[in-house]
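As stored in data.json (JSON, C-alpha atoms and all ligand atoms):
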[["chain", "number", "residue", "atom", "x", "y", "z"],
["X", 1066, "MET", "CA", -173.34, -144.73, 11.87],
["X", 1067, "THR", "CA", -170.94, -146.84, 9.83],
["X", 1068, "ILE", "CA", -167.77, -145.15, 8.72],
["X", 1069, "ALA", "CA", -166.67, -145.82, 5.16],
["X", 1070, "LEU", "CA", -163.51, -143.71, 4.96],
["X", 1071, "LYS", "CA", -161.56, -142.00, 7.69],
["X", 1072, "ALA", "CA", -158.48, -139.80, 7.58],
["X", 1073, "GLU", "CA", -156.65, -138.87, 10.76],
["X", 1074, "GLY", "CA", -153.98, -136.20, 11.01],
["X", 1075, "LEU", "CA", -153.60, -136.27, 7.23],
["X", 1076, "THR", "CA", -150.71, -134.02, 6.23],
["X", 1077, "LYS", "CA", -148.88, -133.41, 2.96],
["X", 1078, "GLU", "CA", -145.84, -131.25, 2.66],
["X", 1079, "PHE", "CA", -144.18, -130.28, -0.60],
["X", 1080, "ARG", "CA", -140.62, -129.26, 0.23],
["X", 1081, "GLY", "CA", -141.68, -127.66, 3.48],
["X", 1082, "PHE", "CA", -144.90, -126.13, 2.09],
["X", 1083, "VAL", "CA", -147.84, -127.64, 3.96],
["X", 1084, "ALA", "CA", -150.60, -128.18, 1.37],
["X", 1085, "VAL", "CA", -152.76, -130.37, 3.65],
["X", 1086, "ASN", "CA", -152.40, -129.86, 7.37],
["X", 1087, "ASN", "CA", -153.59, -132.31, 9.99],
["X", 1088, "VAL", "CA", -156.93, -133.08, 8.35],
["X", 1089, "ASP", "CA", -159.38, -135.34, 10.18],
["X", 1090, "LEU", "CA", -162.12, -136.44, 7.85],
["X", 1091, "THR", "CA", -164.87, -139.00, 8.33],
["X", 1092, "VAL", "CA", -167.13, -140.12, 5.51],
["X", 1093, "GLU", "CA", -170.22, -141.99, 6.59],
["X", 1094, "GLU", "CA", -171.31, -145.00, 4.57],
["X", 1095, "GLY", "CA", -174.16, -144.39, 2.14],
["X", 1096, "THR", "CA", -173.74, -140.60, 2.07],
["X", 1097, "ILE", "CA", -172.68, -138.08, -0.55],
["X", 1098, "HIS", "CA", -169.87, -136.07, 1.03],
["X", 1099, "ALA", "CA", -168.39, -133.02, -0.68],
["X", 1100, "LEU", "CA", -164.98, -131.47, -0.22],
["X", 1101, "ILE", "CA", -165.03, -127.77, -1.06],
["X", 1102, "GLY", "CA", -162.92, -124.70, -0.50],
["X", 1103, "PRO", "CA", -161.44, -121.69, -2.25],
["X", 1104, "ASN", "CA", -158.66, -122.01, -4.83],
["X", 1105, "GLY", "CA", -155.47, -123.46, -3.41],
["X", 1106, "ALA", "CA", -157.26, -124.80, -0.31],
["X", 1107, "GLY", "CA", -155.73, -128.25, -0.74],
["X", 1108, "LYS", "CA", -158.76, -130.10, -2.12],
["X", 1109, "THR", "CA", -156.93, -131.78, -5.00],
["X", 1110, "THR", "CA", -154.00, -132.72, -2.78],
["X", 1111, "CYS", "CA", -156.39, -134.15, -0.21],
["X", 1112, "PHE", "CA", -158.26, -136.06, -2.92],
["X", 1113, "ASN", "CA", -154.98, -137.46, -4.28],
["X", 1114, "LEU", "CA", -154.01, -138.56, -0.77],
["X", 1115, "LEU", "CA", -157.33, -140.30, -0.18],
["X", 1116, "THR", "CA", -157.17, -142.07, -3.56],
["X", 1117, "LYS", "CA", -153.54, -143.01, -2.85],
["X", 1118, "PHE", "CA", -152.16, -141.14, -5.85],
["X", 1119, "LEU", "CA", -150.03, -139.24, -3.34],
["X", 1120, "GLN", "CA", -148.35, -140.59, -0.23],
["X", 1121, "PRO", "CA", -149.03, -138.54, 2.93],
["X", 1122, "THR", "CA", -146.18, -136.99, 4.89],
["X", 1123, "ARG", "CA", -148.05, -137.87, 8.09],
["X", 1124, "GLY", "CA", -151.38, -139.31, 9.08],
["X", 1125, "THR", "CA", -153.43, -142.41, 8.44],
["X", 1126, "ILE", "CA", -156.30, -143.39, 6.17],
["X", 1127, "THR", "CA", -158.65, -146.23, 6.96],
["X", 1128, "TYR", "CA", -161.28, -147.66, 4.65],
["X", 1129, "GLN", "CA", -163.93, -149.89, 6.21],
["X", 1130, "GLY", "CA", -161.76, -150.10, 9.30],
["X", 1131, "ARG", "CA", -158.70, -151.24, 7.38],
["X", 1132, "ASP", "CA", -155.52, -149.18, 7.26],
["X", 1133, "ILE", "CA", -154.90, -148.29, 3.62],
["X", 1134, "THR", "CA", -152.27, -145.59, 4.22],
["X", 1135, "ARG", "CA", -149.51, -147.52, 2.49],
["X", 1136, "MET", "CA", -151.60, -149.22, -0.17],
["X", 1137, "LYS", "CA", -151.54, -148.56, -3.94],
["X", 1138, "PRO", "CA", -154.54, -147.21, -5.91],
["X", 1139, "ALA", "CA", -155.07, -150.54, -7.68],
["X", 1140, "ASP", "CA", -155.13, -152.38, -4.36],
["X", 1141, "ILE", "CA", -157.70, -150.08, -2.76],
["X", 1142, "ALA", "CA", -159.79, -150.32, -5.96],
["X", 1143, "ARG", "CA", -159.93, -154.05, -5.35],
["X", 1144, "LEU", "CA", -161.34, -153.30, -1.90],
["X", 1145, "GLY", "CA", -164.09, -151.25, -3.56],
["X", 1146, "LEU", "CA", -162.69, -147.73, -3.14],
["X", 1147, "VAL", "CA", -162.52, -146.42, -6.69],
["X", 1148, "ARG", "CA", -161.56, -143.10, -8.20],
["X", 1149, "SER", "CA", -163.59, -142.17, -11.26],
["X", 1150, "PHE", "CA", -161.81, -142.44, -14.55],
["X", 1151, "GLN", "CA", -160.68, -139.29, -16.20],
["X", 1152, "ILE", "CA", -162.26, -138.61, -19.58],
["X", 1153, "SER", "CA", -158.87, -139.17, -21.20],
["X", 1154, "ALA", "CA", -159.15, -142.79, -20.04],
["X", 1155, "VAL", "CA", -162.16, -143.34, -22.31],
["X", 1156, "PHE", "CA", -160.98, -144.88, -25.57],
["X", 1157, "PRO", "CA", -162.38, -142.57, -28.29],
["X", 1158, "ASP", "CA", -162.26, -145.12, -31.11],
["X", 1159, "LEU", "CA", -164.04, -147.83, -29.16],
["X", 1160, "SER", "CA", -167.81, -147.92, -28.88],
["X", 1161, "VAL", "CA", -169.62, -147.24, -25.62],
["X", 1162, "LEU", "CA", -170.15, -150.99, -25.20],
["X", 1163, "GLN", "CA", -166.52, -151.81, -25.94],
["X", 1164, "ASN", "CA", -165.29, -149.22, -23.44],
["X", 1165, "VAL", "CA", -167.31, -150.73, -20.61],
["X", 1166, "ARG", "CA", -166.32, -154.24, -21.66],
["X", 1167, "VAL", "CA", -162.66, -153.29, -21.44],
["X", 1168, "ALA", "CA", -163.25, -151.95, -17.93],
["X", 1169, "LEU", "CA", -165.01, -155.20, -16.94],
["X", 1170, "GLN", "CA", -162.24, -157.27, -18.42],
["X", 1171, "ARG", "CA", -159.67, -155.34, -16.40],
["X", 1172, "GLN", "CA", -161.78, -155.69, -13.27],
["X", 1173, "ARG", "CA", -161.73, -159.46, -13.70],
["X", 1174, "GLY", "CA", -157.96, -159.22, -13.77],
["X", 1175, "GLU", "CA", -157.60, -160.32, -17.38],
["X", 1176, "SER", "CA", -154.80, -158.87, -19.40],
["X", 1177, "TYR", "CA", -155.77, -155.91, -21.43],
["X", 1178, "ASP", "CA", -155.60, -156.98, -25.04],
["X", 1179, "PHE", "CA", -157.00, -155.23, -28.08],
["X", 1180, "TRP", "CA", -156.42, -158.35, -30.16],
["X", 1181, "ARG", "CA", -158.66, -160.50, -28.03],
["X", 1182, "SER", "CA", -161.40, -161.87, -30.25],
["X", 1183, "GLU", "CA", -164.81, -160.26, -30.14],
["X", 1184, "LYS", "CA", -166.24, -163.66, -29.27],
["X", 1185, "SER", "CA", -164.29, -164.05, -26.05],
["X", 1186, "LEU", "CA", -165.28, -160.54, -25.04],
["X", 1187, "ASN", "CA", -168.95, -161.06, -25.72],
["X", 1188, "ARG", "CA", -169.44, -162.80, -22.39],
["X", 1189, "PHE", "CA", -169.07, -159.39, -20.74],
["X", 1190, "ASP", "CA", -171.86, -157.91, -22.84],
["X", 1191, "ASP", "CA", -174.76, -158.40, -20.45],
["X", 1192, "ALA", "CA", -172.90, -156.88, -17.50],
["X", 1193, "ALA", "CA", -171.63, -154.03, -19.70],
["X", 1194, "ARG", "CA", -175.13, -153.29, -20.97],
["X", 1195, "ALA", "CA", -176.45, -153.21, -17.41],
["X", 1196, "HIS", "CA", -173.89, -150.54, -16.45],
["X", 1197, "ILE", "CA", -174.60, -148.59, -19.62],
["X", 1198, "ASP", "CA", -178.30, -148.73, -18.83],
["X", 1199, "GLU", "CA", -177.65, -147.58, -15.26],
["X", 1200, "VAL", "CA", -176.06, -144.36, -16.55],
["X", 1201, "GLY", "CA", -178.74, -143.76, -19.19],
["X", 1202, "LEU", "CA", -176.57, -144.44, -22.25],
["X", 1203, "SER", "CA", -178.51, -147.37, -23.75],
["X", 1204, "GLU", "CA", -179.38, -145.50, -26.92],
["X", 1205, "PHE", "CA", -175.65, -144.74, -27.45],
["X", 1206, "VAL", "CA", -174.40, -148.26, -26.91],
["X", 1207, "ASP", "CA", -172.89, -148.62, -30.39],
["X", 1208, "HIS", "CA", -171.70, -145.04, -30.75],
["X", 1209, "ARG", "CA", -168.00, -144.32, -30.84],
["X", 1210, "ALA", "CA", -167.02, -142.85, -27.46],
["X", 1211, "GLY", "CA", -165.18, -140.02, -29.23],
["X", 1212, "GLU", "CA", -168.42, -138.89, -30.87],
["X", 1213, "LEU", "CA", -170.35, -138.53, -27.63],
["X", 1214, "PRO", "CA", -171.17, -135.06, -26.33],
["X", 1215, "TYR", "CA", -169.05, -134.09, -23.32],
["X", 1216, "GLY", "CA", -171.75, -134.76, -20.73],
["X", 1217, "ARG", "CA", -172.39, -138.23, -22.14],
["X", 1218, "LYS", "CA", -168.66, -138.95, -22.01],
["X", 1219, "ARG", "CA", -168.76, -138.22, -18.30],
["X", 1220, "ALA", "CA", -171.65, -140.69, -17.98],
["X", 1221, "LEU", "CA", -169.58, -143.29, -19.88],
["X", 1222, "GLU", "CA", -166.68, -142.63, -17.55],
["X", 1223, "ILE", "CA", -168.99, -143.35, -14.62],
["X", 1224, "ALA", "CA", -170.27, -146.53, -16.32],
["X", 1225, "ALA", "CA", -166.68, -147.72, -16.78],
["X", 1226, "THR", "CA", -166.03, -146.91, -13.12],
["X", 1227, "LEU", "CA", -169.13, -148.89, -12.05],
["X", 1228, "ALA", "CA", -167.65, -151.85, -13.91],
["X", 1229, "LEU", "CA", -164.98, -151.92, -11.21],
["X", 1230, "ASP", "CA", -167.75, -152.69, -8.71],
["X", 1231, "PRO", "CA", -167.08, -149.80, -6.33],
["X", 1232, "LYS", "CA", -168.58, -149.58, -2.87],
["X", 1233, "MET", "CA", -167.25, -146.07, -2.58],
["X", 1234, "LEU", "CA", -166.65, -143.66, -5.44],
["X", 1235, "LEU", "CA", -164.29, -140.70, -5.38],
["X", 1236, "LEU", "CA", -165.21, -138.08, -7.95],
["X", 1237, "ASP", "CA", -162.88, -135.23, -8.88],
["X", 1238, "GLU", "CA", -164.92, -132.25, -10.05],
["X", 1239, "PRO", "CA", -167.59, -134.25, -11.88],
["X", 1240, "MET", "CA", -169.23, -131.06, -13.18],
["X", 1241, "ALA", "CA", -166.10, -129.48, -14.64],
["X", 1242, "GLY", "CA", -166.74, -128.32, -18.21],
["X", 1243, "MET", "CA", -170.42, -129.32, -18.16],
["X", 1244, "THR", "CA", -173.32, -127.30, -19.57],
["X", 1245, "GLN", "CA", -176.31, -126.71, -17.28],
["X", 1246, "GLU", "CA", -178.18, -129.53, -19.02],
["X", 1247, "ASP", "CA", -175.23, -131.87, -18.38],
["X", 1248, "VAL", "CA", -175.04, -130.70, -14.77],
["X", 1249, "ASP", "CA", -178.67, -131.66, -14.21],
["X", 1250, "ARG", "CA", -178.18, -135.03, -15.88],
["X", 1251, "ILE", "CA", -174.92, -135.90, -14.08],
["X", 1252, "SER", "CA", -176.41, -134.72, -10.75],
["X", 1253, "ALA", "CA", -179.33, -137.12, -11.21],
["X", 1254, "LEU", "CA", -176.86, -139.85, -12.15],
["X", 1255, "ILE", "CA", -174.70, -139.27, -9.07],
["X", 1256, "ARG", "CA", -177.79, -139.35, -6.86],
["X", 1257, "GLN", "CA", -178.85, -142.63, -8.42],
["X", 1258, "VAL", "CA", -175.40, -144.21, -8.19],
["X", 1259, "ALA", "CA", -175.27, -143.10, -4.53],
["X", 1260, "GLN", "CA", -178.34, -145.11, -3.63],
["X", 1261, "SER", "CA", -176.19, -148.15, -3.09],
["X", 1262, "ARG", "CA", -172.75, -146.57, -2.68],
["X", 1263, "THR", "CA", -170.82, -143.96, -0.74],
["X", 1264, "ILE", "CA", -169.56, -140.90, -2.64],
["X", 1265, "LEU", "CA", -166.86, -138.37, -1.88],
["X", 1266, "MET", "CA", -166.51, -135.59, -4.41],
["X", 1267, "VAL", "CA", -164.44, -132.48, -4.89],
["X", 1268, "GLU", "CA", -166.70, -129.97, -6.59],
["X", 1269, "HIS", "CA", -166.52, -126.27, -7.37],
["X", 1270, "ASN", "CA", -170.14, -125.80, -8.37],
["X", 1271, "LEU", "CA", -171.76, -124.80, -5.07],
["X", 1272, "SER", "CA", -175.34, -125.23, -6.27],
["X", 1273, "VAL", "CA", -174.49, -128.83, -7.14],
["X", 1274, "VAL", "CA", -172.89, -129.25, -3.73],
["X", 1275, "ALA", "CA", -175.98, -127.75, -2.06],
["X", 1276, "ASN", "CA", -178.27, -129.97, -4.07],
["X", 1277, "LEU", "CA", -176.45, -133.29, -3.70],
["X", 1278, "SER", "CA", -174.44, -133.39, -0.50],
["X", 1279, "ASP", "CA", -175.46, -134.88, 2.81],
["X", 1280, "ARG", "CA", -172.32, -133.50, 4.38],
["X", 1281, "ILE", "CA", -169.73, -130.95, 3.36],
["X", 1282, "THR", "CA", -166.19, -130.39, 4.53],
["X", 1283, "VAL", "CA", -164.73, -126.95, 3.83],
["X", 1284, "LEU", "CA", -160.97, -126.71, 3.46],
["X", 1285, "ALA", "CA", -158.95, -123.51, 3.51],
["X", 1286, "ARG", "CA", -155.18, -123.22, 3.50],
["X", 1287, "GLY", "CA", -154.90, -126.96, 3.90],
["X", 1288, "GLU", "CA", -157.00, -127.14, 7.06],
["X", 1289, "ILE", "CA", -160.61, -127.95, 7.82],
["X", 1290, "LEU", "CA", -162.50, -124.72, 8.29],
["X", 1291, "ALA", "CA", -166.02, -126.02, 8.77],
["X", 1292, "GLU", "CA", -168.14, -129.12, 8.38],
["X", 1293, "GLY", "CA", -171.86, -129.72, 8.24],
["X", 1294, "ASN", "CA", -174.76, -129.67, 5.83],
["X", 1295, "TYR", "CA", -175.08, -126.87, 3.27],
["X", 1296, "ALA", "CA", -177.35, -124.71, 5.43],
["X", 1297, "GLN", "CA", -174.81, -124.87, 8.24],
["X", 1298, "ILE", "CA", -171.62, -124.23, 6.31],
["X", 1299, "SER", "CA", -173.07, -121.54, 4.04],
["X", 1300, "LYS", "CA", -173.95, -119.48, 7.13],
["X", 1301, "ALA", "CA", -170.61, -119.91, 8.87],
["X", 1302, "PRO", "CA", -168.79, -116.55, 8.93],
["X", 1303, "GLU", "CA", -165.35, -118.17, 8.57],
["X", 1304, "VAL", "CA", -166.51, -119.92, 5.37],
["X", 1305, "ILE", "CA", -167.93, -116.74, 3.86],
["X", 1306, "GLU", "CA", -164.76, -114.91, 4.80],
["X", 1307, "ALA", "CA", -162.49, -117.58, 3.24],
["X", 1308, "TYR", "CA", -164.42, -117.57, -0.03],
["X", 1309, "ILE", "CA", -164.51, -113.78, -0.31],
["X", 1310, "GLY", "CA", -160.90, -113.41, 0.82],
["X", 1311, "ALA", "CA", -159.45, -115.99, -1.57],
["X", 1312, "GLY", "CA", -161.67, -115.36, -4.58],
["X", 1313, "HIS", "CA", -163.68, -118.14, -6.06],
["X", 1314, "ASP", "CA", -164.18, -119.45, -9.57],
["M", 1, "LIG", "N1", -146.75, -131.01, -6.31],
["M", 1, "LIG", "C1", -146.79, -129.85, -5.64],
["M", 1, "LIG", "N2", -145.66, -129.21, -5.31],
["M", 1, "LIG", "C2", -145.70, -128.05, -4.61],
["M", 1, "LIG", "N3", -146.82, -127.42, -4.22],
["M", 1, "LIG", "C3", -147.99, -128.02, -4.54],
["M", 1, "LIG", "C4", -148.05, -129.26, -5.26],
["M", 1, "LIG", "N4", -149.37, -129.60, -5.42],
["M", 1, "LIG", "C5", -150.08, -128.62, -4.83],
["M", 1, "LIG", "N5", -149.28, -127.67, -4.30],
["M", 1, "LIG", "C6", -149.68, -126.48, -3.57],
["M", 1, "LIG", "O1", -150.57, -126.87, -2.53],
["M", 1, "LIG", "C7", -151.63, -125.93, -2.39],
["M", 1, "LIG", "C8", -152.96, -126.65, -2.50],
["M", 1, "LIG", "O2", -153.14, -127.05, -3.86],
["M", 1, "LIG", "P1", -154.37, -127.92, -4.35],
["M", 1, "LIG", "O3", -154.24, -128.08, -5.82],
["M", 1, "LIG", "O4", -154.49, -129.13, -3.51],
["M", 1, "LIG", "O5", -155.59, -126.95, -4.00],
["M", 1, "LIG", "P2", -157.08, -126.96, -4.53],
["M", 1, "LIG", "O6", -157.93, -126.64, -3.35],
["M", 1, "LIG", "O7", -157.35, -128.22, -5.26],
["M", 1, "LIG", "O8", -157.09, -125.74, -5.53],
["M", 1, "LIG", "P3", -157.95, -125.49, -6.88],
["M", 1, "LIG", "O9", -159.34, -125.29, -6.41],
["M", 1, "LIG", "O10", -157.35, -124.22, -7.39],
["M", 1, "LIG", "O11", -157.74, -126.66, -7.75],
["M", 1, "LIG", "C9", -151.41, -124.85, -3.45],
["M", 1, "LIG", "O12", -150.78, -123.74, -2.84],
["M", 1, "LIG", "C10", -150.51, -125.53, -4.44],
["M", 1, "LIG", "O13", -149.68, -124.58, -5.08]]
Once more with this new file: its structure as structure tokens, please.
Ligand SMILES: Nc1ncnc2c1ncn2[C@@H]1O[C@H](COP(=O)(O)OP(=O)(O)OP(=O)(O)O)[C@@H](O)[C@H]1O
Amino acid sequence: MTIALKAEGLTKEFRGFVAVNNVDLTVEEGTIHALIGPNGAGKTTCFNLLTKFLQPTRGTITYQGRDITRMKPADIARLGLVRSFQISAVFPDLSVLQNVRVALQRQRGESYDFWRSEKSLNRFDDAARAHIDEVGLSEFVDHRAGELPYGRKRALEIAATLALDPKMLLLDEPMAGMTQEDVDRISALIRQVAQSRTILMVEHNLSVVANLSDRITVLARGEILAEGNYAQISKAPEVIEAYIGAGHD
């Protein structure tokens, strides 16, 4: 197996409170890997450590064999390890096409400039349309992003993320706030995007996790409680206990 992302002894303390404690995590290339756990387990903290939005107190992170522990989010994005945009990062007054063009422009390292003429931006159109097509938004290409239904905005967010040419995508609760119809659509989209990329996602919706994940890591109280496929972890007594004990939303 080829390892895409590896954390060793990952630890984060907030003024003495240990939110993530000595986590060893290995994500295999080409898989969909989910990070789950009851409320307060440390999933978000762990995600922020892996995406370099937080600096670990101890431990190391390697991506494709390269130590990225001290690197900045923008630098790891250039290596192909990309965190999905938050919906707030979608520009509501720009069209779907313009949003993806802006992402492409940034990926090429050009300064971000609303005043840039349409003409000079048009050269990104073909690539932008390909990403928009990949996420099933072709019929919305000229719609204002702000007018899109919530689930379609998430698809646009993924299209803008694909513009950064990720080899590995980190998704933070991709199903949050989605209707069942959206959940089905975004699940299909994640599966499709994963055909040529590695995915690590934090997700609360356990049926989505069961449906999509090749491998699941269960965190509780900042530590790894169990790891395996869904059949394995859902039967593990310590996992059942942690979920019942801590309550789950
Ligand atoms: N900046 C911070 N300062 C102090 N404590 C923090 C900070 N961030 C997180 N924590 C604490 O660390 C623990 C883990 O939080 P975290 O948000 O990572 O858990 P989670 O598994 O994502 O939870 P949820 O599912 O509720 O989002 C919690 O007890 C939380 O209060």
What does the distance between atom O4 of ligand LIG 1 (chain M) and CA of Asn1104 (chain X) come to in Å, to one decimal place? 8.4 Å
Two-atom distance - atom O8 of ligand LIG 1 (chain M), CA of Gly1107 (chain X) (Å):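 So the two atoms, atom O8 of ligand LIG 1 (chain M) and CA of Gly1107 (chain X), lie 5.6 Å apart.
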Give the answer as one residue: which of X:Glu1204, X:Val1155, X:Thr1116, X:Gln1163 has the shortest atom-to-atom distance to Asn1187 (chain X), using all atoms listed in the file?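 Among the listed residues, the smallest separation from Asn1187 (chain X) belongs to X:Gln1163.
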Which chains and residue numbers are within 10 Å of ligand LIG 1 (chain M), counting all atoms listed in the file, if I want them as a tab-separated table (two decimals) with C-alpha atoms, keeping the file's coordinate frame?
chain	number	residue	atom	x	y	z
X	1077	LYS	CA	-148.88	-133.41	2.96
X	1078	GLU	CA	-145.84	-131.25	2.66
X	1079	PHE	CA	-144.18	-130.28	-0.60
X	1080	ARG	CA	-140.62	-129.26	0.23
X	1081	GLY	CA	-141.68	-127.66	3.48
X	1082	PHE	CA	-144.90	-126.13	2.09
X	1083	VAL	CA	-147.84	-127.64	3.96
X	1084	ALA	CA	-150.60	-128.18	1.37
X	1085	VAL	CA	-152.76	-130.37	3.65
X	1100	LEU	CA	-164.98	-131.47	-0.22
X	1101	ILE	CA	-165.03	-127.77	-1.06
X	1102	GLY	CA	-162.92	-124.70	-0.50
X	1103	PRO	CA	-161.44	-121.69	-2.25
X	1104	ASN	CA	-158.66	-122.01	-4.83
X	1105	GLY	CA	-155.47	-123.46	-3.41
X	1106	ALA	CA	-157.26	-124.80	-0.31
X	1107	GLY	CA	-155.73	-128.25	-0.74
X	1108	LYS	CA	-158.76	-130.10	-2.12
X	1109	THR	CA	-156.93	-131.78	-5.00
X	1110	THR	CA	-154.00	-132.72	-2.78
X	1111	CYS	CA	-156.39	-134.15	-0.21
X	1112	PHE	CA	-158.26	-136.06	-2.92
X	1113	ASN	CA	-154.98	-137.46	-4.28
X	1114	LEU	CA	-154.01	-138.56	-0.77
X	1119	LEU	CA	-150.03	-139.24	-3.34
X	1237	ASP	CA	-162.88	-135.23	-8.88
X	1238	GLU	CA	-164.92	-132.25	-10.05
X	1267	VAL	CA	-164.44	-132.48	-4.89
X	1268	GLU	CA	-166.70	-129.97	-6.59
X	1269	HIS	CA	-166.52	-126.27	-7.37
X	1283	VAL	CA	-164.73	-126.95	3.83
X	1284	LEU	CA	-160.97	-126.71	3.46
X	1285	ALA	CA	-158.95	-123.51	3.51
X	1286	ARG	CA	-155.18	-123.22	3.50
X	1287	GLY	CA	-154.90	-126.96	3.90
X	1313	HIS	CA	-163.68	-118.14	-6.06
X	1314	ASP	CA	-164.18	-119.45	-9.57
Closest of X:Ile1305, X:Leu1070, X:His1196, X:Asp1249 to Gly1095 (chain X) - atom-to-atom distances counting all atoms listed in the file: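 Ranking X:Ile1305, X:Leu1070, X:His1196, X:Asp1249 by distance to Gly1095 (chain X), first place goes to X:Leu1070.
Considering all atoms listed in the file, the residue among X:Arg1166, X:Arg1250, X:Arg1280, X:His1098 positioned nearest to Asp1190 (chain X) is X:Arg1166.
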Thr1125 (chain X) surroundings by all atoms listed in the file, 9 Å radius, close-in-sequence under 6 positions cut, as a ChimeraX atom specification: /X:1071-1075,1132-1135
